[in-house]
>>> print(open('start.pdb').read())   # PDB, C-alpha atoms, pLDDT in the B column
ATOM      1  CA  MET A   1       9.602  23.264  -4.033  1.00 52.00           C
ATOM      2  CA  GLY A   2       6.903  23.856  -1.434  1.00 65.00           C
ATOM      3  CA  LYS A   3       5.808  21.505   1.286  1.00 81.00           C
ATOM      4  CA  ILE A   4       4.402  18.204   0.011  1.00 89.00           C
ATOM      5  CA  ARG A   5       1.122  17.162   1.630  1.00 96.00           C
ATOM      6  CA  VAL A   6       0.504  13.711   0.144  1.00 98.00           C
ATOM      7  CA  SER A   7       2.896  11.310  -1.576  1.00 98.00           C
ATOM      8  CA  VAL A   8       1.544   8.302  -3.456  1.00 98.00           C
ATOM      9  CA  ALA A   9       4.064   5.451  -3.670  1.00 98.00           C
ATOM     10  CA  LEU A  10       3.284   3.213  -6.641  1.00 98.00           C
ATOM     11  CA  ALA A  11       5.256   0.095  -7.586  1.00 97.00           C
ATOM     12  CA  SER A  12       5.096  -0.884 -11.251  1.00 98.00           C
ATOM     13  CA  TYR A  13       6.262  -3.859 -13.280  1.00 97.00           C
ATOM     14  CA  ASN A  14       4.880  -4.843 -16.687  1.00 97.00           C
ATOM     15  CA  GLY A  15       1.568  -3.178 -15.931  1.00 96.00           C
ATOM     16  CA  GLU A  16       0.803  -1.497 -19.244  1.00 97.00           C
ATOM     17  CA  ALA A  17      -2.747  -2.888 -19.325  1.00 96.00           C
ATOM     18  CA  TYR A  18      -3.957  -1.020 -16.240  1.00 97.00           C
ATOM     19  CA  VAL A  19      -1.400   1.479 -14.940  1.00 98.00           C
ATOM     20  CA  LYS A  20      -2.686   4.506 -16.880  1.00 98.00           C
ATOM     21  CA  GLU A  21      -6.253   4.020 -15.630  1.00 98.00           C
ATOM     22  CA  GLN A  22      -4.913   3.664 -12.093  1.00 98.00           C
ATOM     23  CA  ILE A  23      -2.780   6.826 -12.239  1.00 98.00           C
ATOM     24  CA  GLU A  24      -5.620   8.822 -13.777  1.00 98.00           C
ATOM     25  CA  SER A  25      -7.872   7.820 -10.865  1.00 98.00           C
ATOM     26  CA  ILE A  26      -5.148   8.852  -8.414  1.00 98.00           C
ATOM     27  CA  LEU A  27      -4.652  12.227 -10.099  1.00 98.00           C
ATOM     28  CA  LYS A  28      -8.337  13.040  -9.574  1.00 97.00           C
ATOM     29  CA  ASN A  29      -7.627  12.863  -5.827  1.00 98.00           C
ATOM     30  CA  LEU A  30      -4.543  15.071  -5.734  1.00 97.00           C
ATOM     31  CA  SER A  31      -3.633  18.735  -5.880  1.00 95.00           C
ATOM     32  CA  ALA A  32      -0.504  20.684  -6.832  1.00 95.00           C
ATOM     33  CA  GLU A  33       0.902  20.248  -3.318  1.00 96.00           C
ATOM     34  CA  ASP A  34       0.948  16.462  -3.719  1.00 98.00           C
ATOM     35  CA  GLU A  35       3.102  14.027  -5.713  1.00 98.00           C
ATOM     36  CA  ILE A  36       3.178  10.545  -7.229  1.00 98.00           C
ATOM     37  CA  VAL A  37       6.387   8.508  -7.002  1.00 98.00           C
ATOM     38  CA  VAL A  38       6.557   5.453  -9.252  1.00 98.00           C
ATOM     39  CA  SER A  39       9.282   2.860  -8.796  1.00 98.00           C
ATOM     40  CA  ASP A  40       9.483   0.685 -11.897  1.00 98.00           C
ATOM     41  CA  ASP A  41      11.202  -2.671 -11.442  1.00 97.00           C
ATOM     42  CA  GLY A  42      12.450  -3.080 -15.013  1.00 97.00           C
ATOM     43  CA  SER A  43       9.269  -3.303 -17.091  1.00 98.00           C
ATOM     44  CA  THR A  44       9.784  -4.784 -20.542  1.00 97.00           C
ATOM     45  CA  ASP A  45       6.369  -3.796 -21.905  1.00 98.00           C
ATOM     46  CA  ARG A  46       4.996  -0.258 -22.424  1.00 98.00           C
ATOM     47  CA  THR A  47       4.391   0.509 -18.744  1.00 98.00           C
ATOM     48  CA  LEU A  48       6.774   3.480 -18.775  1.00 98.00           C
ATOM     49  CA  ASP A  49       5.104   4.870 -21.915  1.00 98.00           C
ATOM     50  CA  ARG A  50       1.712   4.675 -20.228  1.00 98.00           C
ATOM     51  CA  ILE A  51       3.063   6.486 -17.177  1.00 98.00           C
ATOM     52  CA  GLU A  52       4.612   9.174 -19.377  1.00 97.00           C
ATOM     53  CA  GLU A  53       1.207   9.775 -20.969  1.00 97.00           C
ATOM     54  CA  CYS A  54      -0.110  10.770 -17.514  1.00 97.00           C
ATOM     55  CA  LYS A  55       2.448  13.534 -17.016  1.00 96.00           C
ATOM     56  CA  GLY A  56       1.693  17.189 -17.682  1.00 91.00           C
ATOM     57  CA  ASN A  57      -0.926  17.354 -14.942  1.00 87.00           C
ATOM     58  CA  LYS A  58      -0.505  19.865 -12.090  1.00 94.00           C
ATOM     59  CA  VAL A  59       0.606  16.946  -9.907  1.00 97.00           C
ATOM     60  CA  PRO A  60       4.263  15.949 -10.389  1.00 97.00           C
ATOM     61  CA  ILE A  61       4.954  12.314 -11.282  1.00 98.00           C
ATOM     62  CA  THR A  62       8.474  11.076 -10.551  1.00 98.00           C
ATOM     63  CA  VAL A  63       9.651   7.750 -11.971  1.00 98.00           C
ATOM     64  CA  VAL A  64      12.615   6.032 -10.340  1.00 98.00           C
ATOM     65  CA  LYS A  65      14.366   2.804 -11.250  1.00 97.00           C
ATOM     66  CA  GLY A  66      13.736  -0.198  -9.025  1.00 95.00           C
ATOM     67  CA  GLU A  67      16.447  -2.614  -7.977  1.00 91.00           C
ATOM     68  CA  GLY A  68      14.878  -5.705  -9.541  1.00 92.00           C
ATOM     69  CA  ARG A  69      14.389  -7.329  -6.129  1.00 92.00           C
ATOM     70  CA  GLY A  70      10.618  -7.844  -6.171  1.00 92.00           C
ATOM     71  CA  ILE A  71       7.520  -6.059  -4.914  1.00 94.00           C
ATOM     72  CA  LYS A  72       8.594  -5.422  -1.291  1.00 96.00           C
ATOM     73  CA  GLN A  73      11.832  -3.710  -2.242  1.00 96.00           C
ATOM     74  CA  ASN A  74      10.204  -1.935  -5.177  1.00 97.00           C
ATOM     75  CA  ILE A  75       7.715  -0.368  -2.758  1.00 97.00           C
ATOM     76  CA  GLY A  76      10.570   0.425  -0.392  1.00 97.00           C
ATOM     77  CA  ASN A  77      12.422   2.161  -3.215  1.00 98.00           C
ATOM     78  CA  ALA A  78       9.404   4.353  -3.977  1.00 98.00           C
ATOM     79  CA  LEU A  79       9.032   5.200  -0.286  1.00 98.00           C
ATOM     80  CA  ASN A  80      12.636   6.378  -0.153  1.00 98.00           C
ATOM     81  CA  TYR A  81      11.753   9.157  -2.596  1.00 98.00           C
ATOM     82  CA  CYS A  82       8.446  10.224  -1.004  1.00 98.00           C
ATOM     83  CA  ARG A  83       8.487  13.692   0.583  1.00 97.00           C
ATOM     84  CA  GLY A  84       4.894  14.041   1.747  1.00 97.00           C
ATOM     85  CA  GLN A  85       3.586  14.237   5.292  1.00 97.00           C
ATOM     86  CA  TYR A  86       1.115  11.460   4.471  1.00 98.00           C
ATOM     87  CA  ILE A  87       2.019   8.424   2.383  1.00 98.00           C
ATOM     88  CA  PHE A  88      -0.519   6.484   0.312  1.00 98.00           C
ATOM     89  CA  LEU A  89       0.416   3.097  -1.143  1.00 98.00           C
ATOM     90  CA  ALA A  90      -0.882   2.139  -4.584  1.00 98.00           C
ATOM     91  CA  ASP A  91      -0.835  -0.939  -6.778  1.00 96.00           C
ATOM     92  CA  GLN A  92      -0.541  -0.494 -10.526  1.00 97.00           C
ATOM     93  CA  ASP A  93      -3.853  -2.072 -11.474  1.00 95.00           C
ATOM     94  CA  ASP A  94      -6.631  -0.804  -9.190  1.00 97.00           C
ATOM     95  CA  VAL A  95      -8.924   2.233  -9.430  1.00 98.00           C
ATOM     96  CA  TRP A  96      -9.317   4.824  -6.667  1.00 98.00           C
ATOM     97  CA  ALA A  97     -12.624   6.411  -5.692  1.00 98.00           C
ATOM     98  CA  GLU A  98     -12.645  10.162  -6.293  1.00 94.00           C
ATOM     99  CA  LYS A  99     -12.786  11.124  -2.604  1.00 96.00           C
ATOM    100  CA  LYS A 100     -10.301   8.578  -1.313  1.00 98.00           C
ATOM    101  CA  VAL A 101      -7.625  11.061  -0.225  1.00 98.00           C
ATOM    102  CA  GLU A 102     -10.130  13.553   1.157  1.00 97.00           C
ATOM    103  CA  THR A 103     -11.775  10.827   3.240  1.00 97.00           C
ATOM    104  CA  MET A 104      -8.532   9.342   4.560  1.00 97.00           C
ATOM    105  CA  LEU A 105      -7.143  12.731   5.582  1.00 97.00           C
ATOM    106  CA  LYS A 106     -10.148  13.235   7.867  1.00 96.00           C
ATOM    107  CA  TYR A 107      -8.735  10.489  10.091  1.00 95.00           C
ATOM    108  CA  LEU A 108      -4.954  10.802   9.752  1.00 95.00           C
ATOM    109  CA  GLY A 109      -3.484  12.912  12.520  1.00 88.00           C
ATOM    110  CA  ARG A 110      -6.697  12.932  14.548  1.00 90.00           C
ATOM    111  CA  ASP A 111      -6.521  11.581  18.116  1.00 88.00           C
ATOM    112  CA  GLY A 112      -3.092  10.071  17.503  1.00 88.00           C
ATOM    113  CA  CYS A 113      -4.106   8.204  14.342  1.00 94.00           C
ATOM    114  CA  LYS A 114      -1.039   7.523  12.195  1.00 95.00           C
ATOM    115  CA  LEU A 115      -2.397   4.830   9.855  1.00 96.00           C
ATOM    116  CA  VAL A 116      -5.740   4.323   8.124  1.00 97.00           C
ATOM    117  CA  CYS A 117      -7.063   1.370   6.128  1.00 97.00           C
ATOM    118  CA  HIS A 118     -10.277   1.573   4.105  1.00 98.00           C
ATOM    119  CA  ASP A 119     -12.551  -1.103   2.689  1.00 97.00           C
ATOM    120  CA  ALA A 120     -12.627  -2.075  -0.998  1.00 98.00           C
ATOM    121  CA  ARG A 121     -14.822  -3.817  -3.536  1.00 97.00           C
ATOM    122  CA  VAL A 122     -13.095  -6.821  -5.104  1.00 97.00           C
ATOM    123  CA  MET A 123     -13.653  -6.828  -8.867  1.00 97.00           C
ATOM    124  CA  ASP A 124     -12.798  -8.935 -11.898  1.00 97.00           C
ATOM    125  CA  ALA A 125     -10.178  -7.867 -14.459  1.00 95.00           C
ATOM    126  CA  THR A 126     -12.629  -5.740 -16.444  1.00 95.00           C
ATOM    127  CA  LEU A 127     -14.160  -4.119 -13.334  1.00 95.00           C
ATOM    128  CA  SER A 128     -17.563  -5.194 -14.666  1.00 96.00           C
ATOM    129  CA  LYS A 129     -18.216  -7.973 -12.154  1.00 96.00           C
ATOM    130  CA  GLU A 130     -18.070  -7.667  -8.386  1.00 97.00           C
ATOM    131  CA  LEU A 131     -16.386 -10.730  -6.857  1.00 97.00           C
ATOM    132  CA  LYS A 132     -16.705  -9.656  -3.224  1.00 96.00           C
ATOM    133  CA  PRO A 133     -18.700  -6.606  -2.084  1.00 97.00           C
ATOM    134  CA  SER A 134     -16.424  -5.973   0.901  1.00 97.00           C
ATOM    135  CA  PHE A 135     -12.793  -6.951   1.402  1.00 96.00           C
ATOM    136  CA  PHE A 136     -13.188  -6.193   5.113  1.00 95.00           C
ATOM    137  CA  ALA A 137     -16.085  -8.623   5.473  1.00 95.00           C
ATOM    138  CA  TYR A 138     -14.228 -11.312   3.559  1.00 93.00           C
ATOM    139  CA  ARG A 139     -11.012 -10.861   5.519  1.00 88.00           C
ATOM    140  CA  GLY A 140     -12.437 -10.040   8.957  1.00 87.00           C
ATOM    141  CA  SER A 141     -10.474  -6.800   8.952  1.00 88.00           C
ATOM    142  CA  LYS A 142      -9.893  -4.768  12.080  1.00 85.00           C
ATOM    143  CA  ALA A 143      -7.028  -3.049  13.875  1.00 83.00           C
ATOM    144  CA  GLY A 144      -4.795  -4.648  16.488  1.00 81.00           C
ATOM    145  CA  PHE A 145      -1.342  -6.238  16.660  1.00 82.00           C
ATOM    146  CA  LEU A 146      -2.358  -9.775  17.626  1.00 79.00           C
ATOM    147  CA  HIS A 147      -5.302  -9.759  15.214  1.00 82.00           C
ATOM    148  CA  ASN A 148      -3.042  -8.883  12.287  1.00 84.00           C
ATOM    149  CA  LEU A 149      -0.283 -11.214  13.403  1.00 85.00           C
ATOM    150  CA  ALA A 150      -2.699 -14.138  13.223  1.00 82.00           C
ATOM    151  CA  LYS A 151      -3.816 -13.118   9.728  1.00 84.00           C
ATOM    152  CA  ASN A 152      -2.737  -9.994   7.885  1.00 85.00           C
ATOM    153  CA  ARG A 153      -5.560  -7.522   7.193  1.00 87.00           C
ATOM    154  CA  TYR A 154      -3.313  -4.615   6.259  1.00 93.00           C
ATOM    155  CA  MET A 155      -3.779  -4.347   2.489  1.00 94.00           C
ATOM    156  CA  GLY A 156      -1.289  -1.850   1.088  1.00 95.00           C
ATOM    157  CA  CYS A 157      -3.472  -0.486  -1.692  1.00 96.00           C
ATOM    158  CA  CYS A 158      -6.001   0.537   0.988  1.00 97.00           C
ATOM    159  CA  MET A 159      -3.475   2.105   3.371  1.00 97.00           C
ATOM    160  CA  ALA A 160      -2.222   5.591   4.170  1.00 98.00           C
ATOM    161  CA  PHE A 161       0.073   6.552   7.024  1.00 97.00           C
ATOM    162  CA  ASP A 162       2.102   9.330   8.607  1.00 96.00           C
ATOM    163  CA  ARG A 163       5.641   9.647   7.249  1.00 96.00           C
ATOM    164  CA  SER A 164       7.057   9.327  10.779  1.00 95.00           C
ATOM    165  CA  LEU A 165       6.624   5.543  10.388  1.00 96.00           C
ATOM    166  CA  LEU A 166       9.220   5.507   7.600  1.00 96.00           C
ATOM    167  CA  SER A 167      12.059   5.964  10.089  1.00 95.00           C
ATOM    168  CA  TYR A 168      11.142   2.549  11.502  1.00 95.00           C
ATOM    169  CA  ALA A 169       9.826   0.793   8.388  1.00 96.00           C
ATOM    170  CA  LEU A 170      12.737   1.455   6.024  1.00 97.00           C
ATOM    171  CA  PRO A 171      14.586  -0.439   4.805  1.00 96.00           C
ATOM    172  CA  ILE A 172      12.004  -3.196   4.410  1.00 97.00           C
ATOM    173  CA  PRO A 173      13.597  -6.532   5.438  1.00 96.00           C
ATOM    174  CA  ASP A 174      13.938  -9.164   2.735  1.00 94.00           C
ATOM    175  CA  GLU A 175      12.927 -11.952   5.110  1.00 94.00           C
ATOM    176  CA  ILE A 176       9.398 -10.712   5.842  1.00 94.00           C
ATOM    177  CA  GLU A 177       6.516 -11.715   3.602  1.00 92.00           C
ATOM    178  CA  MET A 178       4.427  -8.527   3.206  1.00 93.00           C
ATOM    179  CA  HIS A 179       5.426  -4.864   3.313  1.00 96.00           C
ATOM    180  CA  ASP A 180       1.913  -3.720   4.279  1.00 95.00           C
ATOM    181  CA  GLN A 181       1.766  -6.008   7.316  1.00 94.00           C
ATOM    182  CA  TRP A 182       5.261  -4.821   8.285  1.00 96.00           C
ATOM    183  CA  ILE A 183       4.268  -1.142   8.226  1.00 96.00           C
ATOM    184  CA  GLY A 184       0.944  -1.738   9.953  1.00 94.00           C
ATOM    185  CA  MET A 185       2.408  -3.750  12.792  1.00 92.00           C
ATOM    186  CA  ILE A 186       5.240  -1.284  13.342  1.00 94.00           C
ATOM    187  CA  ASN A 187       2.540   1.323  13.893  1.00 93.00           C
ATOM    188  CA  ASP A 188       0.733  -1.017  16.290  1.00 91.00           C
ATOM    189  CA  ILE A 189       3.892  -1.549  18.348  1.00 90.00           C
ATOM    190  CA  LYS A 190       4.758   2.149  18.412  1.00 84.00           C
ATOM    191  CA  ARG A 191       1.261   2.847  19.776  1.00 71.00           C
ATOM    192  CA  GLY A 192       0.265   4.961  16.812  1.00 75.00           C
ATOM    193  CA  LYS A 193      -3.474   4.519  16.546  1.00 87.00           C
ATOM    194  CA  SER A 194      -4.702   2.595  13.477  1.00 92.00           C
ATOM    195  CA  ARG A 195      -8.172   3.083  12.055  1.00 94.00           C
ATOM    196  CA  PHE A 196     -10.045   0.664   9.792  1.00 95.00           C
ATOM    197  CA  ILE A 197     -12.849   2.600   8.102  1.00 97.00           C
ATOM    198  CA  GLY A 198     -15.815   1.089   6.280  1.00 96.00           C
ATOM    199  CA  GLU A 199     -15.836   3.400   3.272  1.00 97.00           C
ATOM    200  CA  LYS A 200     -15.146   1.450   0.053  1.00 98.00           C
ATOM    201  CA  LEU A 201     -12.614   3.727  -1.617  1.00 98.00           C
ATOM    202  CA  LEU A 202     -11.045   1.327  -4.121  1.00 98.00           C
ATOM    203  CA  LEU A 203     -11.938  -1.080  -6.890  1.00 98.00           C
ATOM    204  CA  TYR A 204      -9.512  -3.917  -6.174  1.00 97.00           C
ATOM    205  CA  ARG A 205      -8.869  -5.649  -9.482  1.00 96.00           C
ATOM    206  CA  ARG A 206      -8.221  -9.402  -9.566  1.00 93.00           C
ATOM    207  CA  HIS A 207      -6.580 -10.857 -12.658  1.00 79.00           C
ATOM    208  CA  ASP A 208      -4.076 -13.500 -13.717  1.00 72.00           C
ATOM    209  CA  ALA A 209      -1.039 -11.253 -13.178  1.00 62.00           C
ATOM    210  CA  ASN A 210      -1.798 -10.179  -9.580  1.00 57.00           C
ATOM    211  CA  VAL A 211       1.257 -10.269  -7.334  1.00 53.00           C
ATOM    212  CA  SER A 212      -0.827 -10.787  -4.197  1.00 55.00           C
ATOM    213  CA  ASP A 213      -3.256 -13.646  -3.716  1.00 51.00           C
ATOM    214  CA  PHE A 214      -5.832 -14.860  -1.208  1.00 54.00           C
ATOM    215  CA  SER A 215      -4.294 -18.306  -0.677  1.00 57.00           C
ATOM    216  CA  HIS A 216      -2.858 -19.692   2.556  1.00 59.00           C
ATOM    217  CA  GLY A 217       0.235 -21.812   3.131  1.00 71.00           C
ATOM    218  CA  THR A 218       0.617 -24.804   5.410  1.00 85.00           C
ATOM    219  CA  ILE A 219       0.549 -24.424   9.188  1.00 82.00           C
ATOM    220  CA  LEU A 220       4.343 -24.814   9.306  1.00 85.00           C
ATOM    221  CA  GLU A 221       4.799 -22.153   6.613  1.00 86.00           C
ATOM    222  CA  MET A 222       2.509 -19.766   8.471  1.00 85.00           C
ATOM    223  CA  ILE A 223       4.358 -20.289  11.768  1.00 88.00           C
ATOM    224  CA  THR A 224       7.715 -19.766  10.054  1.00 90.00           C
ATOM    225  CA  LYS A 225       6.569 -16.537   8.409  1.00 90.00           C
ATOM    226  CA  ARG A 226       5.273 -15.135  11.680  1.00 91.00           C
ATOM    227  CA  TYR A 227       8.479 -16.055  13.490  1.00 92.00           C
ATOM    228  CA  ARG A 228      10.488 -14.208  10.847  1.00 93.00           C
ATOM    229  CA  LEU A 229       8.190 -11.202  11.101  1.00 94.00           C
ATOM    230  CA  LEU A 230       8.385 -11.031  14.895  1.00 94.00           C
ATOM    231  CA  LYS A 231      12.157 -11.426  14.828  1.00 95.00           C
ATOM    232  CA  ALA A 232      12.503  -8.643  12.240  1.00 94.00           C
ATOM    233  CA  LEU A 233      10.200  -6.361  14.258  1.00 94.00           C
ATOM    234  CA  PHE A 234      12.158  -6.976  17.453  1.00 92.00           C
ATOM    235  CA  LEU A 235      15.522  -6.333  15.797  1.00 92.00           C
ATOM    236  CA  ARG A 236      14.339  -3.187  14.038  1.00 93.00           C
ATOM    237  CA  LEU A 237      12.687  -1.590  17.043  1.00 86.00           C
ATOM    238  CA  ALA A 238      15.570  -2.548  19.336  1.00 86.00           C
ATOM    239  CA  CYS A 239      17.960  -0.706  17.008  1.00 81.00           C
ATOM    240  CA  LYS A 240      15.709   2.379  16.991  1.00 74.00           C
ATOM    241  CA  LYS A 241      15.556   2.825  20.776  1.00 63.00           C
TER
END
>>> encode(input="start.pdb", output="structure tokens")
Amino acid sequence: MGKIRVSVALASYNGEAYVKEQIESILKNLSAEDEIVVSDDGSTDRTLDRIEECKGNKVPITVVKGEGRGIKQNIGNALNYCRGQYIFLADQDDVWAEKKVETMLKYLGRDGCKLVCHDARVMDATLSKELKPSFFAYRGSKAGFLHNLAKNRYMGCCMAFDRSLLSYALPIPDEIEMHDQWIGMINDIKRGKSRFIGEKLLLYRRHDANVSDFSHGTILEMITKRYRLLKALFLRLACKK
């Protein structure tokens, strides 16, 4: 097996309605030197059948069994199998723009940049209605540790990063809330430059079965979550010195 350029880590669970469309959009971005790694967390519908229908392309698709511990650990499981120099995260229900990978690779590795986030259009379940023209504008997205500690702007489905971050990010702690914020802030602390780019390279689908949401907890809940995140970051980076 030759050197892998890009690995796409995709977490699936009962996503038969959208996962094939998502993988097909990803495949349009990849070449034979890339790979897709799907961690399935015990789907009981036809998700695995839909994924199987996407195989046979020049790009290898590897399916591994998740541990049944939820989205964070399902993503972590996929990341454990990724071999590429650059890692792209993917949800099971979005649609990639055709030049997403090409655009992101223009920034990764340049001037110390180890992580890139791009903008997205927020769409309804059928992708026929635009709910928000810019996720960045809605969320106030920009790079920076303190900025993303106050409110997370690292959205995994819009992220790609250098594999060197995996040595710090894995395993993903159970006590943190979001794997994307965890990876992004590890990069911030390790002084790997992050770039937030304005290109809208994803149709971000909103529907009743979304794992993520745009809601906020109480002030106490928010403080508790940030304390847990900071504690986990400190412990992880202290162990890696």
>>> resolve_selection(input="start.pdb", expression="the PyMOL selection byres ((chain A and resi 185) around 9)", output="PyMOL selection string")
chain A and resi 144-145+148-149+154+180-184+186-190+233
>>> atom_distance(input="start.pdb", atom1="CA of Leu79 (chain A)", atom2="CA of Asp174 (chain A)")
15.5 Å
>>> atom_distance(input="start.pdb", atom1="CA of Lys100 (chain A)", atom2="CA of Ile176 (chain A)")
28.5 Å
>>> atom_distance(input="start.pdb", atom1="CA of Ile36 (chain A)", atom2="CA of Gly192 (chain A)")
24.9 Å
>>> resolve_selection(input="start.pdb", expression="the PyMOL selection byres ((chain A and resi 109-112) around 9)", output="list in words")
Leu105, Lys106, Tyr107, Leu108, Cys113, Lys114, Leu115, Asp162, Arg191, Gly192, Lys193 and Ser194 of chain A
>>> write_last_selection(input="start.pdb", atoms="C-alpha atoms", output="PDB file, in the coordinates of the input")
ATOM      1  CA  LEU A 105      -7.143  12.731   5.582  1.00 97.00           C
ATOM      2  CA  LYS A 106     -10.148  13.235   7.867  1.00 96.00           C
ATOM      3  CA  TYR A 107      -8.735  10.489  10.091  1.00 95.00           C
ATOM      4  CA  LEU A 108      -4.954  10.802   9.752  1.00 95.00           C
ATOM      5  CA  CYS A 113      -4.106   8.204  14.342  1.00 94.00           C
ATOM      6  CA  LYS A 114      -1.039   7.523  12.195  1.00 95.00           C
ATOM      7  CA  LEU A 115      -2.397   4.830   9.855  1.00 96.00           C
ATOM      8  CA  ASP A 162       2.102   9.330   8.607  1.00 96.00           C
ATOM      9  CA  ARG A 191       1.261   2.847  19.776  1.00 71.00           C
ATOM     10  CA  GLY A 192       0.265   4.961  16.812  1.00 75.00           C
ATOM     11  CA  LYS A 193      -3.474   4.519  16.546  1.00 87.00           C
ATOM     12  CA  SER A 194      -4.702   2.595  13.477  1.00 92.00           C
TER      13      SER A 194
END
>>> resolve_selection(input="start.pdb", expression="the PyMOL selection byres ((chain A and resi 133-137) around 6)", output="count of residues only")
8
>>> residues_around(input="start.pdb", residues="Leu235 (chain A)", least_positions_apart="4", cutoff="12 Å", atoms="all atoms listed in the file", output="ChimeraX atom specification")
/A:168-169,173,186,228-231,239-241
>>> write_last_selection(input="start.pdb", atoms="C-alpha atoms", output="compact mmCIF listing (two decimals), in the frame of the given file")
# COMPACT_ATOMS: atom_id res chain seq x y z
CA TYR A 168 11.14 2.55 11.50
CA ALA A 169 9.83 0.79 8.39
CA PRO A 173 13.60 -6.53 5.44
CA ILE A 186 5.24 -1.28 13.34
CA ARG A 228 10.49 -14.21 10.85
CA LEU A 229 8.19 -11.20 11.10
CA LEU A 230 8.38 -11.03 14.90
CA LYS A 231 12.16 -11.43 14.83
CA CYS A 239 17.96 -0.71 17.01
CA LYS A 240 15.71 2.38 16.99
CA LYS A 241 15.56 2.82 20.78
>>> closest_residue(input="start.pdb", among="A:Glu98, A:Gly198, A:Ala9, A:Lys55", to="Gly76 (chain A)", atoms="all atoms listed in the file")
A:Ala9
>>> residues_around(input="start.pdb", residues="Gly42 (chain A)", least_positions_apart="5", cutoff="10 Å", atoms="all atoms listed in the file", output="NGL selection string")
:A and (12-14 or 47-48 or 65-68)
>>> closest_residue(input="start.pdb", among="A:Val38, A:Met178, A:Leu237, A:Met159", to="Tyr81 (chain A)", atoms="all atoms listed in the file")
A:Val38
>>> closest_residue(input="start.pdb", among="A:His118, A:Phe196, A:Asp93, A:Leu203", to="Ala143 (chain A)", atoms="all atoms listed in the file")
A:Phe196
>>> closest_residue(input="start.pdb", among="A:Tyr204, A:Tyr227, A:Phe161, A:Tyr86", to="Gln22 (chain A)", atoms="only C-alpha atoms")
A:Tyr204
>>> closest_residue(input="start.pdb", among="A:Asp208, A:Glu199, A:Glu221, A:Asp34", to="Ile87 (chain A)", atoms="all atoms listed in the file")
A:Asp34
>>> residues_near_point(input="start.pdb", point="(-4.1, 14.0, -0.8)", cutoff="8 Å", atoms="all atoms listed in the file", output="MDAnalysis selection string")
chainID A and resid 5:7 29:31 34 86 101:102 105
>>> closest_residue(input="start.pdb", among="A:Val19, A:Val64, A:Ile223, A:Cys117", to="Lys151 (chain A)", atoms="all atoms listed in the file")
A:Ile223
>>> residues_around(input="start.pdb", residues="Asn80 (chain A)", least_positions_apart="2", cutoff="9 Å", atoms="only C-alpha atoms", output="ChimeraX atom specification")
/A:75-78,82-83,166,170-171
